[in-house]
$ cat entry07.csv   # CSV, C-alpha atoms
chain,number,residue,atom,x,y,z
A,12,MET,CA,9.8,45.0,-98.8
A,13,PRO,CA,13.0,43.3,-99.3
A,14,ARG,CA,13.0,40.6,-101.7
A,15,LYS,CA,14.2,37.1,-100.8
A,16,PRO,CA,17.4,36.1,-102.4
A,17,GLU,CA,17.3,33.4,-105.0
A,18,LEU,CA,18.5,30.0,-103.7
A,19,LYS,CA,20.8,27.8,-105.8
A,20,GLY,CA,21.9,24.2,-105.7
A,21,ARG,CA,21.2,22.2,-102.6
A,22,ALA,CA,19.4,25.0,-100.8
A,23,ALA,CA,16.9,25.3,-103.7
A,24,ARG,CA,16.2,21.6,-103.5
A,25,LEU,CA,15.6,21.8,-99.8
A,26,ALA,CA,13.4,24.9,-100.1
A,27,ARG,CA,11.1,23.1,-102.4
A,28,LEU,CA,10.3,20.6,-99.6
A,29,PHE,CA,8.8,23.4,-97.5
A,30,PRO,CA,5.7,25.3,-98.5
A,31,ALA,CA,6.4,28.5,-100.2
A,32,GLY,CA,3.9,30.7,-98.3
A,33,ARG,CA,2.5,30.7,-94.9
A,34,ALA,CA,0.2,27.7,-94.6
A,35,LYS,CA,-3.2,28.4,-93.3
A,36,ALA,CA,-4.5,25.6,-91.0
A,37,ALA,CA,-8.1,24.8,-91.2
A,38,ARG,CA,-9.8,26.2,-88.1
A,39,THR,CA,-13.1,24.4,-88.5
A,40,PRO,CA,-11.9,20.9,-87.4
A,41,PHE,CA,-10.1,22.3,-84.4
A,42,VAL,CA,-13.1,24.3,-83.2
A,43,LEU,CA,-15.3,21.3,-83.7
A,44,LEU,CA,-12.9,19.1,-81.7
A,45,VAL,CA,-12.9,21.6,-78.8
A,46,VAL,CA,-16.7,22.0,-78.8
A,47,LEU,CA,-17.2,18.2,-78.9
A,48,LEU,CA,-14.7,17.8,-75.9
A,49,LEU,CA,-16.5,20.4,-73.9
A,50,GLY,CA,-20.0,19.0,-74.7
A,51,GLY,CA,-18.9,15.5,-73.9
A,52,GLY,CA,-17.4,16.6,-70.6
A,53,LEU,CA,-20.7,18.4,-69.7
A,54,ILE,CA,-22.7,15.3,-70.6
A,55,VAL,CA,-20.5,13.1,-68.5
A,56,LEU,CA,-20.8,15.5,-65.5
A,57,LEU,CA,-24.6,15.5,-65.9
A,58,VAL,CA,-24.7,11.7,-65.9
A,59,LEU,CA,-22.4,11.5,-62.8
A,60,ASN,CA,-24.5,14.0,-61.0
A,61,SER,CA,-27.7,12.1,-61.8
A,62,ALA,CA,-26.1,8.8,-60.6
A,63,LEU,CA,-24.9,10.4,-57.3
A,64,SER,CA,-28.3,11.9,-56.6
A,65,GLU,CA,-30.0,8.6,-57.3
A,66,GLY,CA,-27.6,6.9,-54.9
A,67,SER,CA,-28.3,9.6,-52.3
A,68,PHE,CA,-32.1,8.8,-52.6
A,69,LYS,CA,-31.4,5.1,-52.2
A,70,LEU,CA,-29.2,5.8,-49.2
A,71,ALA,CA,-31.9,7.9,-47.5
A,72,ASP,CA,-34.5,5.1,-48.1
A,73,LEU,CA,-32.2,2.5,-46.7
A,74,GLN,CA,-31.4,4.6,-43.7
A,75,LYS,CA,-35.2,5.1,-43.1
A,76,ARG,CA,-35.8,1.4,-43.4
A,77,THR,CA,-32.9,0.6,-41.0
A,78,GLN,CA,-34.3,3.1,-38.5
A,79,ASN,CA,-37.8,1.4,-38.7
A,80,LEU,CA,-36.3,-2.1,-38.3
A,81,THR,CA,-34.2,-0.9,-35.3
A,82,ASP,CA,-37.4,0.5,-33.7
A,83,GLU,CA,-39.2,-2.7,-34.3
A,84,GLU,CA,-36.3,-4.8,-32.9
A,85,GLN,CA,-36.3,-2.6,-29.8
A,86,ALA,CA,-40.0,-3.0,-29.3
A,87,LEU,CA,-39.7,-6.8,-29.7
A,88,GLN,CA,-36.8,-6.8,-27.2
A,89,ARG,CA,-38.9,-4.8,-24.7
A,90,THR,CA,-41.7,-7.4,-25.1
A,91,ILE,CA,-39.3,-10.3,-24.5
A,92,ASP,CA,-37.9,-8.5,-21.4
A,93,ALA,CA,-41.5,-8.1,-20.1
A,94,TYR,CA,-42.2,-11.8,-20.6
A,95,SER,CA,-39.0,-12.9,-19.0
A,96,ALA,CA,-39.2,-10.7,-15.9
A,97,PRO,CA,-39.4,-12.7,-12.7
A,98,ASP,CA,-42.8,-11.4,-11.7
A,99,ALA,CA,-44.2,-12.3,-15.2
A,100,LEU,CA,-42.7,-15.7,-15.1
A,101,GLN,CA,-44.1,-16.3,-11.6
A,102,ARG,CA,-47.6,-15.1,-12.7
A,103,ARG,CA,-47.5,-17.4,-15.8
A,104,ALA,CA,-46.3,-20.4,-13.8
A,105,HIS,CA,-49.2,-19.7,-11.3
A,106,GLU,CA,-51.6,-19.6,-14.2
A,107,LEU,CA,-50.3,-23.0,-15.4
A,108,GLY,CA,-50.9,-24.4,-11.9
A,109,MET,CA,-47.2,-24.6,-10.9
A,110,VAL,CA,-46.2,-24.0,-7.2
A,111,PRO,CA,-42.9,-23.2,-5.7
A,112,GLY,CA,-40.7,-26.2,-5.0
A,113,GLY,CA,-40.0,-27.6,-1.6
A,114,ASP,CA,-36.7,-27.9,0.2
A,115,PRO,CA,-34.1,-29.3,-2.1
A,116,ALA,CA,-31.6,-32.2,-1.4
A,117,PHE,CA,-28.1,-32.3,-2.8
A,118,LEU,CA,-26.3,-35.3,-4.0
A,119,ASP,CA,-22.5,-35.5,-3.4
A,120,PRO,CA,-20.2,-37.1,-5.8
A,121,ASN,CA,-19.7,-40.0,-3.4
A,122,GLY,CA,-23.4,-40.8,-3.4
A,123,THR,CA,-24.5,-39.3,-0.1
A,124,VAL,CA,-27.5,-37.0,0.1
A,125,LYS,CA,-27.3,-33.7,1.9
A,126,GLY,CA,-30.5,-32.1,3.1
A,127,VAL,CA,-34.0,-33.5,3.5
A,128,PRO,CA,-36.1,-33.0,0.4
A,129,GLY,CA,-39.5,-31.5,0.9
A,130,ALA,CA,-42.6,-31.8,-1.3
A,131,ALA,CA,-44.1,-28.8,-3.1
A,132,THR,CA,-47.6,-28.1,-2.0
A,133,PRO,CA,-50.1,-25.6,-3.4
A,134,GLU,CA,-50.4,-24.0,0.1
A,135,ALA,CA,-46.7,-23.1,-0.1
A,136,ALA,CA,-47.4,-20.7,-3.0
A,137,VAL,CA,-47.0,-17.1,-1.9
A,138,LEU,CA,-49.1,-15.4,-4.5
A,139,GLU,CA,-52.2,-13.3,-4.6
A,140,GLY,CA,-55.2,-15.6,-4.7
A,141,PRO,CA,-53.6,-19.0,-5.5
A,142,PRO,CA,-55.9,-21.4,-7.4
A,143,ALA,CA,-57.9,-23.9,-5.4
A,144,PRO,CA,-56.4,-27.4,-5.4
A,145,GLU,CA,-59.7,-28.7,-6.9
A,146,ALA,CA,-59.1,-26.5,-9.9
A,147,LEU,CA,-55.7,-28.0,-10.6
A,148,ASP,CA,-55.5,-31.2,-12.6
A,149,LEU,CA,-53.1,-33.2,-10.4
A,150,THR,CA,-53.7,-36.6,-12.0
A,151,PRO,CA,-50.5,-38.3,-13.0
A,152,PRO,CA,-50.0,-39.3,-16.7
A,153,PRO,CA,-50.7,-42.9,-17.6
A,154,GLY,CA,-48.0,-45.4,-16.6
A,155,LEU,CA,-46.9,-43.5,-13.4
A,156,PRO,CA,-48.0,-44.5,-9.9
A,157,ALA,CA,-50.7,-42.3,-8.3
A,158,THR,CA,-48.5,-41.5,-5.3
A,159,PRO,CA,-44.7,-41.2,-5.5
A,160,THR,CA,-42.6,-43.5,-3.4
A,161,PRO,CA,-40.7,-41.4,-0.9
A,162,VAL,CA,-36.9,-41.8,-0.6
A,163,THR,CA,-35.9,-42.4,3.0
A,164,GLY,CA,-32.7,-41.1,4.5
A,165,ALA,CA,-31.5,-44.7,5.0
A,166,GLN,CA,-31.4,-45.8,1.4
A,167,HIS,CA,-30.0,-43.9,-1.6
A,168,PRO,CA,-29.7,-45.1,-5.1
A,169,ALA,CA,-26.1,-45.6,-6.2
A,170,PRO,CA,-24.9,-43.1,-8.8
A,171,PHE,CA,-24.4,-44.3,-12.4
A,172,GLY,CA,-26.5,-47.5,-12.1
A,173,GLY,CA,-24.4,-49.3,-9.5
A,174,THR,CA,-25.8,-51.2,-6.5
A,175,SER,CA,-27.5,-49.2,-3.8
A,176,ALA,CA,-25.7,-48.6,-0.6
A,177,THR,CA,-27.3,-48.3,2.8
A,178,ALA,CA,-26.4,-45.2,4.7
A,179,PRO,CA,-26.0,-45.3,8.5
A,180,ALA,CA,-29.2,-44.5,10.3
A,181,ALA,CA,-27.6,-41.6,12.2
A,182,SER,CA,-25.3,-39.5,10.1
A,183,THR,CA,-22.3,-38.1,11.8
A,184,THR,CA,-21.8,-35.4,9.2
A,185,PRO,CA,-23.8,-32.2,9.8
A,186,GLN,CA,-26.7,-31.6,7.4
A,187,SER,CA,-26.3,-28.2,5.7
A,188,ALA,CA,-29.5,-26.2,5.3
A,189,PRO,CA,-30.2,-25.3,1.7
A,190,THR,CA,-29.4,-21.7,0.8
A,191,PRO,CA,-31.4,-19.8,-1.7
A,192,THR,CA,-29.6,-18.9,-4.9
A,193,PRO,CA,-29.8,-15.2,-5.6
A,194,GLY,CA,-31.6,-14.2,-8.8
A,195,ARG,CA,-33.4,-17.5,-9.2

$ encode --input "entry07.csv" --output "structure tokens"
Amino acid sequence: MPRKPELKGRAARLARLFPAGRAKAARTPFVLLVVLLLGGGLIVLLVLNSALSEGSFKLADLQKRTQNLTDEEQALQRTIDAYSAPDALQRRAHELGMVPGGDPAFLDPNGTVKGVPGAATPEAAVLEGPPAPEALDLTPPPGLPATPTPVTGAQHPAPFGGTSATAPAASTTPQSAPTPTPGR
């Protein structure tokens, strides 16, 4: 092996600053650092995986609860629809003693009445087996007259609390027949 030449002067001083032989780094701290980093990474992955699976279970429970509540809402909506169907409303009104109304009269903005109002009678009910009039409680509440006073075609109350006006006995305007409103 060739020998290194001897250094003099400035080169010798600089050579003393560097280690003379090959420096051996300690491998133990480096290996421990790598093992700790790998172990810490694995532990973090395990915690993240556990958190994700827990969230997945919560999500499945919430979806199941949402489905149950949706089913309950739909059942309640079907019940509401059954109670608000026209035949169900008619049946319940009949059970309460209500009868279909008579012919309506309409009030124009100028205060004239169009049509001739008709009274509602239990005989006008078109239902299977209407209740007998004796079974219905037709007594008026206290403070109201026993028989309503009919409104004649000659006198009409003035709108908005004004004085009443007397209409001519024979109206020259044709009276329109009431038309039924579809869906009601």

$ atom_distance --input "entry07.csv" --atom1 "CA of Gln74 (chain A)" --atom2 "CA of Thr90 (chain A)"
24.4 Å

$ residues_around --input "entry07.csv" --residues "Gly113 (chain A)" --least-positions-apart "5" --cutoff "9 Å" --atoms "all atoms listed in the file" --output "PyMOL selection string"
chain A and resi 128-132+135

$ atom_distance --input "entry07.csv" --atom1 "CA of Leu107 (chain A)" --atom2 "CA of Ser95 (chain A)"
15.6 Å

$ atom_distance --input "entry07.csv" --atom1 "CA of Thr81 (chain A)" --atom2 "CA of Gly66 (chain A)"
22.1 Å
